[in-house]
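S.K.: I am sharing work17.cif, which consists of mmCIF, C-alpha atoms:
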data_final
loop_
_atom_site.label_atom_id
_atom_site.label_comp_id
_atom_site.auth_asym_id
_atom_site.auth_seq_id
_atom_site.Cartn_x
_atom_site.Cartn_y
_atom_site.Cartn_z
CA MET A 19 103.58 105.27 49.78
CA HIS A 20 103.29 108.13 47.32
CA PRO A 21 104.87 111.28 48.85
CA ALA A 22 101.67 113.31 48.37
CA ILE A 23 99.57 110.92 50.50
CA PRO A 24 100.73 112.12 53.96
CA LYS A 25 100.13 115.72 52.95
CA LEU A 26 96.70 114.90 51.53
CA LEU A 27 95.78 113.03 54.71
CA GLN A 28 96.62 116.10 56.76
CA VAL A 29 94.49 118.28 54.49
CA GLN A 30 91.70 115.71 54.59
CA GLU A 31 91.73 115.61 58.39
CA ARG A 32 91.19 119.38 58.43
CA ASP A 33 88.52 119.16 55.73
CA GLN A 34 86.60 116.53 57.68
CA ARG A 35 86.67 118.65 60.82
CA ILE A 36 85.72 121.75 58.83
CA ARG A 37 82.78 119.93 57.25
CA GLN A 38 81.55 118.68 60.64
CA LEU A 39 81.84 122.13 62.20
CA GLN A 40 80.01 123.67 59.23
CA LYS A 41 77.25 121.12 59.73
CA ASP A 42 77.08 121.92 63.44
CA LEU A 43 76.95 125.65 62.70
CA LYS A 44 74.23 125.18 60.11
CA ASP A 45 72.13 123.27 62.66
CA VAL A 46 72.30 126.05 65.28
CA PRO A 47 69.22 127.94 63.90
CA ASN A 48 67.21 124.69 64.04
CA GLN A 49 68.30 124.15 67.64
CA GLN A 50 67.35 127.73 68.46
CA THR A 51 63.92 127.19 66.92
CA ARG A 52 63.42 123.99 68.90
CA ALA A 53 64.45 125.81 72.08
CA ARG A 54 61.95 128.60 71.47
CA MET A 55 59.21 126.07 70.69
CA GLN A 56 59.49 124.86 74.28
CA LEU A 57 57.77 128.13 75.24
CA ALA A 58 54.80 127.58 72.93
CA GLY A 59 52.90 125.18 75.18
CA ASP A 60 53.48 127.17 78.36
CA GLN A 61 52.59 130.44 76.63
CA ALA A 62 49.39 128.91 75.24
CA THR A 63 48.39 127.82 78.77
CA VAL A 64 49.04 131.32 80.13
CA ASP A 65 47.04 132.87 77.29
CA ALA A 66 44.12 130.49 77.87
CA ASP A 67 44.10 131.09 81.64
CA THR A 68 44.35 134.86 81.12
CA GLN A 69 41.38 134.72 78.79
CA ALA A 70 39.44 132.63 81.32
CA VAL A 71 40.13 135.24 84.03
CA LYS A 72 38.94 138.06 81.77
CA GLU A 73 35.78 136.19 80.78
CA THR A 74 34.94 135.43 84.42
CA GLU A 75 35.52 139.06 85.41
CA VAL A 76 33.19 140.16 82.59
CA LYS A 77 30.52 137.75 83.84
CA ILE A 78 30.85 139.10 87.40
CA LYS A 79 30.52 142.70 86.20
CA SER A 80 27.50 141.74 84.12
CA ILE A 81 25.86 140.10 87.14
CA GLN A 82 26.64 143.14 89.28
CA LEU A 83 25.01 145.40 86.68
CA ASP A 84 21.95 143.14 86.61
CA VAL A 85 21.74 143.24 90.41
CA GLN A 86 22.07 147.01 90.40
CA THR A 87 19.35 147.33 87.76
CA ARG A 88 16.95 145.13 89.73
CA GLN A 89 17.70 146.91 93.00
CA THR A 90 16.90 150.21 91.30
CA THR A 91 13.63 148.69 90.07
CA ILE A 92 12.83 147.40 93.55
CA LYS A 93 13.41 150.88 94.99
CA ARG A 94 11.11 152.39 92.38
CA LEU A 95 8.40 149.79 93.04
CA GLN A 96 8.69 150.32 96.78
CA ASP A 97 8.22 154.08 96.29
CA GLN A 98 5.15 153.39 94.15
CA GLN A 99 3.83 150.98 96.74
CA PHE A 100 4.27 153.56 99.47
CA GLU A 101 2.36 156.15 97.45
CA THR A 102 -0.57 153.94 96.38
CA ARG A 103 -3.81 153.85 98.33
CA LYS A 104 -5.34 150.90 96.53
CA ASN A 105 -5.03 147.50 98.18
CA ASP A 106 -4.97 145.53 94.94
CA GLU A 107 -2.31 147.81 93.42
CA PHE A 108 -0.33 147.60 96.67
CA ALA A 109 -0.46 143.78 96.55
CA ALA A 110 0.50 143.67 92.86
CA LEU A 111 3.49 145.88 93.51
CA GLY A 112 4.42 143.63 96.43
CA HIS A 113 4.44 140.60 94.14
CA GLU A 114 6.67 142.44 91.65
CA ILE A 115 9.03 143.49 94.43
CA LYS A 116 9.26 139.90 95.68
CA ARG A 117 9.95 138.61 92.18
CA TYR A 118 12.80 141.08 91.68
CA GLN A 119 14.18 140.32 95.12
CA GLU A 120 14.26 136.61 94.22
CA ASP A 121 16.08 137.52 91.00
CA VAL A 122 18.62 139.50 93.02
CA THR A 123 19.18 136.52 95.34
CA LYS A 124 19.77 134.19 92.40
CA LEU A 125 22.09 136.70 90.76
CA GLU A 126 24.06 137.17 93.96
CA ASP A 127 24.38 133.40 94.35
CA GLY A 128 25.64 133.25 90.79
CA GLU A 129 28.08 136.07 91.53
CA LEU A 130 29.49 134.12 94.47
CA GLU A 131 29.97 131.07 92.26
CA GLN A 132 31.75 133.17 89.63
CA MET A 133 33.95 134.80 92.27
CA GLU A 134 34.98 131.37 93.56
CA LEU A 135 35.67 130.32 89.98
CA LEU A 136 37.69 133.51 89.45
CA GLU A 137 39.80 132.79 92.52
CA GLY A 138 40.63 129.30 91.22
CA THR A 139 41.32 130.58 87.71
CA LYS A 140 43.65 133.28 89.02
CA ALA A 141 45.56 130.69 91.05
CA LYS A 142 45.84 128.53 87.94
CA LEU A 143 47.05 131.52 85.93
CA LYS A 144 49.67 132.36 88.55
CA GLU A 145 50.96 128.78 88.44
CA ALA A 146 51.08 128.85 84.63
CA GLN A 147 52.94 132.17 84.66
CA ALA A 148 55.51 130.78 87.10
CA LYS A 149 56.05 127.75 84.86
CA LEU A 150 56.39 129.99 81.82
CA ALA A 151 58.97 132.14 83.61
CA GLU A 152 60.94 129.03 84.54
CA THR A 153 60.82 127.74 80.97
CA GLN A 154 61.78 131.18 79.65
CA LYS A 155 64.86 131.24 81.86
CA ARG A 156 65.86 127.76 80.74
CA VAL A 157 65.34 128.67 77.08
CA ASN A 158 67.28 131.92 77.50
CA ASP A 159 70.19 129.98 78.99
CA GLU A 160 70.01 127.47 76.16
CA LEU A 161 69.92 130.21 73.51
CA LYS A 162 72.88 131.94 75.14
CA ALA A 163 74.82 128.67 75.17
CA LEU A 164 73.98 128.13 71.49
CA ASP A 165 75.18 131.63 70.61
CA GLU A 166 78.41 131.09 72.49
CA ARG A 167 78.89 127.71 70.83
CA ALA A 168 78.25 129.23 67.40
CA GLU A 169 80.85 131.93 68.02
CA GLY A 170 83.35 129.32 69.20
CA THR A 171 82.63 127.19 66.14
CA LYS A 172 83.16 130.15 63.80
CA LYS A 173 86.48 130.93 65.45
CA ARG A 174 87.60 127.30 65.19
CA LEU A 175 86.54 127.21 61.53
CA GLU A 176 88.73 130.22 60.82
CA GLU A 177 91.66 128.49 62.48
CA LEU A 178 91.08 125.22 60.62
CA ASN A 179 90.72 126.97 57.27
CA ALA A 180 94.02 128.75 57.89
CA GLU A 181 95.68 125.45 58.82
CA ARG A 182 94.18 123.78 55.77
CA LYS A 183 95.46 126.51 53.48
CA GLU A 184 98.95 126.24 54.92
CA LEU A 185 98.98 122.45 54.60
CA ALA A 186 97.61 122.53 51.05
CA THR A 187 100.14 125.07 49.74
CA PRO A 188 103.03 122.58 49.14
CA ILE A 189 100.78 120.09 47.32
CA ASP A 190 100.90 119.96 43.53
CA GLU A 191 97.96 121.89 42.04
CA ASP A 192 96.69 118.98 39.91
CA THR A 193 96.92 116.59 42.85
CA LEU A 194 95.09 119.00 45.14
CA ASP A 195 92.43 119.61 42.50
CA LEU A 196 91.85 115.86 42.11
CA TYR A 197 91.61 115.42 45.88
CA THR A 198 89.21 118.36 46.25
CA ARG A 199 86.88 117.09 43.52
CA ILE A 200 86.71 113.63 45.09
CA PHE A 201 86.24 114.92 48.63
CA THR A 202 83.48 117.30 47.52
CA LYS A 203 81.70 114.51 45.66
CA LYS A 204 82.07 111.79 48.32
CA GLY A 205 81.57 113.99 51.33
CA ASP A 206 83.44 111.77 53.77
CA ALA A 207 86.91 110.98 52.49
CA ALA A 208 88.89 111.26 49.27
CA VAL A 209 92.00 109.41 50.48
CA VAL A 210 91.45 105.98 52.03
CA PRO A 211 93.59 102.98 52.93
CA MET A 212 93.60 99.71 51.07
CA GLU A 213 93.51 96.77 53.46
CA ASN A 214 93.05 93.10 52.66
CA ALA A 215 92.79 94.03 49.00
CA GLN A 216 89.71 96.16 49.75
CA CYS A 217 89.09 99.87 49.23
CA GLY A 218 88.67 101.60 52.59
CA GLY A 219 85.98 103.81 51.09
CA CYS A 220 83.59 101.58 49.14
CA HIS A 221 84.93 98.28 50.56
CA MET A 222 85.07 96.73 47.11
CA LYS A 223 87.84 94.32 46.15
CA VAL A 224 90.59 95.98 44.15
CA VAL A 225 92.24 94.40 41.14
CA VAL A 226 95.84 93.16 41.09
CA GLY A 227 96.91 96.07 38.91
CA VAL A 228 95.81 98.54 41.57
CA ILE A 229 97.75 96.68 44.26
CA GLN A 230 100.87 96.68 42.09
CA SER A 231 100.48 100.39 41.39
CA LEU A 232 100.20 101.10 45.12
CA LYS A 233 103.35 99.11 45.84
CA GLN A 234 105.28 101.00 43.16
CA SER A 235 104.07 104.37 44.53
CA GLU A 236 105.05 106.12 41.33
CA SER A 237 101.72 107.93 40.93
CA LEU A 238 98.47 108.39 42.78
CA THR A 239 96.27 105.30 42.52
CA GLN A 240 92.49 105.49 42.51
CA CYS A 241 89.92 102.84 43.30
CA GLU A 242 88.34 101.62 40.08
CA SER A 243 84.95 101.34 41.79
CA CYS A 244 84.56 104.64 43.66
CA GLY A 245 87.45 106.77 42.39
CA ARG A 246 88.91 107.49 45.83
CA ILE A 247 92.66 107.87 46.15
CA LEU A 248 94.17 104.77 47.77
CA TYR A 249 97.24 104.22 49.87
CA LEU A 250 98.76 101.01 51.09
CA VAL A 251 98.74 100.38 54.84
CA GLU A 252 102.22 99.28 55.80
#
Any chance you could give the structure as structure tokens?

M.R.:
Amino acid sequence: MHPAIPKLLQVQERDQRIRQLQKDLKDVPNQQTRARMQLAGDQATVDADTQAVKETEVKIKSIQLDVQTRQTTIKRLQDQQFETRKNDEFAALGHEIKRYQEDVTKLEDGELEQMELLEGTKAKLKEAQAKLAETQKRVNDELKALDERAEGTKKRLEELNAERKELATPIDEDTLDLYTRIFTKKGDAAVVPMENAQCGGCHMKVVVGVIQSLKQSESLTQCESCGRILYLVE
């Protein structure tokens, strides 16, 4: 085995872990967004129920104003009826009073219906708010855990980068440059074993010349198909 291979494998092991941790760290914002999106449905329900409560309260106030207006009219008509001395005018005012009184009864019935509806809507809103609070707590815990994980990942990345630098220092500059270019391009591994006359990276058959070169271990040997650096499994 070429003497640089063990050193490159150590560097590669750190690079693979660094790349995975970088990927994990990059995904944290997406996970945070997904966590916050859990609130969207519950918040929408609370908003809709809150709006329903407000609309019902407006309807009740409107009915109450209508009742008050009609009661004022009834009082005025009753005063006119008391003052009139004409039978036909008295009877006409009586009919008007009765009509307004029937309106008041209908409005008050409608008010009762709206008040019952309001009671149910408020109960529904309270339930939705409780669910939202529960989801908020869960999301807050999840976001806190993600922040802590991100900080831990950053710390571990610093440690791995320091280890990688220390391990890479003794390696020949040209060898390290070749390894780095391949690893950057391939993304998974730059140094792979050759087993059963196959490249451990692309799994293509290697030619006899490559096998002989690996056995001689005089220089780094690359796969003719994918360019990865090969080493012979002993």

S.K.: Work out how far atom CA of A:Thr74 is from atom CA of A:Glu131, in Å to one decimal.

M.R.: 10.3 Å

S.K.: Name the residues that the PyMOL selection byres ((chain A and resi 155-168) around 10) pulls out of this structure, and write them as an NGL selection string.

M.R.: :A and (39 or 42-47 or 49-57 or 149-154 or 169-174)

S.K.: Using C-alpha atoms, can you export the residues from the last selection as a tab-separated table (two decimals), in the coordinates of the input?

M.R.:
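Full text of result-v9.tsv as output:
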chain	number	residue	atom	x	y	z
A	39	LEU	CA	81.84	122.13	62.20
A	42	ASP	CA	77.08	121.92	63.44
A	43	LEU	CA	76.95	125.65	62.70
A	44	LYS	CA	74.23	125.18	60.11
A	45	ASP	CA	72.13	123.27	62.66
A	46	VAL	CA	72.30	126.05	65.28
A	47	PRO	CA	69.22	127.94	63.90
A	49	GLN	CA	68.30	124.15	67.64
A	50	GLN	CA	67.35	127.73	68.46
A	51	THR	CA	63.92	127.19	66.92
A	52	ARG	CA	63.42	123.99	68.90
A	53	ALA	CA	64.45	125.81	72.08
A	54	ARG	CA	61.95	128.60	71.47
A	55	MET	CA	59.21	126.07	70.69
A	56	GLN	CA	59.49	124.86	74.28
A	57	LEU	CA	57.77	128.13	75.24
A	149	LYS	CA	56.05	127.75	84.86
A	150	LEU	CA	56.39	129.99	81.82
A	151	ALA	CA	58.97	132.14	83.61
A	152	GLU	CA	60.94	129.03	84.54
A	153	THR	CA	60.82	127.74	80.97
A	154	GLN	CA	61.78	131.18	79.65
A	169	GLU	CA	80.85	131.93	68.02
A	170	GLY	CA	83.35	129.32	69.20
A	171	THR	CA	82.63	127.19	66.14
A	172	LYS	CA	83.16	130.15	63.80
A	173	LYS	CA	86.48	130.93	65.45
A	174	ARG	CA	87.60	127.30	65.19

S.K.: Which one of A:Pro188, A:Gly205, A:Pro211, A:Gly218 sits closest to A:Val29 if you count all atoms listed in the file?

M.R.: A:Pro188

S.K.: To one decimal place, how far is atom CA of A:Asp121 from atom CA of A:Thr102 in Å?

M.R.: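 Answer for the atom CA of A:Asp121 to atom CA of A:Thr102 separation: 24.0 Å.
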
S.K.: Please expand the PyMOL selection byres ((chain A and resi 80-91) around 8) into the concrete residues it hits in this file, giving the result as an MDAnalysis selection string.

M.R.: chainID A and resid 76:79 92:95 118:119 121:122 125:126 128:129

S.K.: Could you please give me, as a list in words, the residues of protein, DNA or RNA lying at most 12 Å from (42.3, 134.2, 81.7) in the coordinate frame of the file, considering only C-alpha atoms?

M.R.: Ala62, Thr63, Val64, Asp65, Ala66, Asp67, Thr68, Gln69, Ala70, Val71, Lys72, Glu73, Thr74, Glu75, Val76, Leu135, Leu136, Glu137, Gly138, Thr139, Lys140, Ala141, Lys142, Leu143, Lys144, Ala146 and Gln147 of chain A

S.K.: Which distance in Å separates atom CA of A:Leu111 and atom CA of A:Gln99, to one decimal?

M.R.: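 Interatomic distance, atom CA of A:Leu111 to atom CA of A:Gln99: 6.0 Å.
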
S.K.: Considering all atoms listed in the file, can you say which of A:Ala58, A:Ala109, A:Leu130, A:Leu26 comes closest to A:Ile200?

M.R.: A:Leu26

S.K.: For A:Cys220, please output as a list of chain:residue names all residues within 10 Å (counting only C-alpha atoms; exclusion window: fewer than 3 positions along the same chain).

M.R.: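 That gives A:Val210, A:Gln216, A:Cys217, A:Lys223, A:Cys241, A:Ser243, A:Cys244, A:Gly245, A:Arg246.
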
S.K.: If we count all atoms listed in the file, what is near A:Gly227 at a cut-off of 12 Å, once residues fewer than 2 positions away on the same chain are taken out, given as a list of chain:residue names?

M.R.: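 Skipping anything fewer than 2 positions along the chain leaves A:Ala215, A:Lys223, A:Val224, A:Val225, A:Ile229, A:Gln230, A:Ser231, A:Leu232, A:Lys233, A:Gln234, A:Thr239, A:Gln240, A:Cys241, A:Glu242.
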
S.K.: Specify as a list in words each residue included when the PyMOL selection byres ((chain A and resi 249) around 6) is applied to this file.

M.R.: Pro211, Met212, Leu248 and Leu250 of chain A

S.K.: Can you tell me, as a PyMOL selection string, what residues are no more than 12 Å from A:Asp190 when counting only C-alpha atoms, ignoring any on the same chain fewer than 3 positions away?

M.R.: chain A and resi 21-23+25-26+185-187+193-197+238

S.K.: Please determine, counting only C-alpha atoms, which residue among A:Val251, A:Ile189, A:Leu178, A:Thr198 has the shortest atom-to-atom distance to A:Glu213.

M.R.: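 Ranking A:Val251, A:Ile189, A:Leu178, A:Thr198 by distance to A:Glu213, first place goes to A:Val251.
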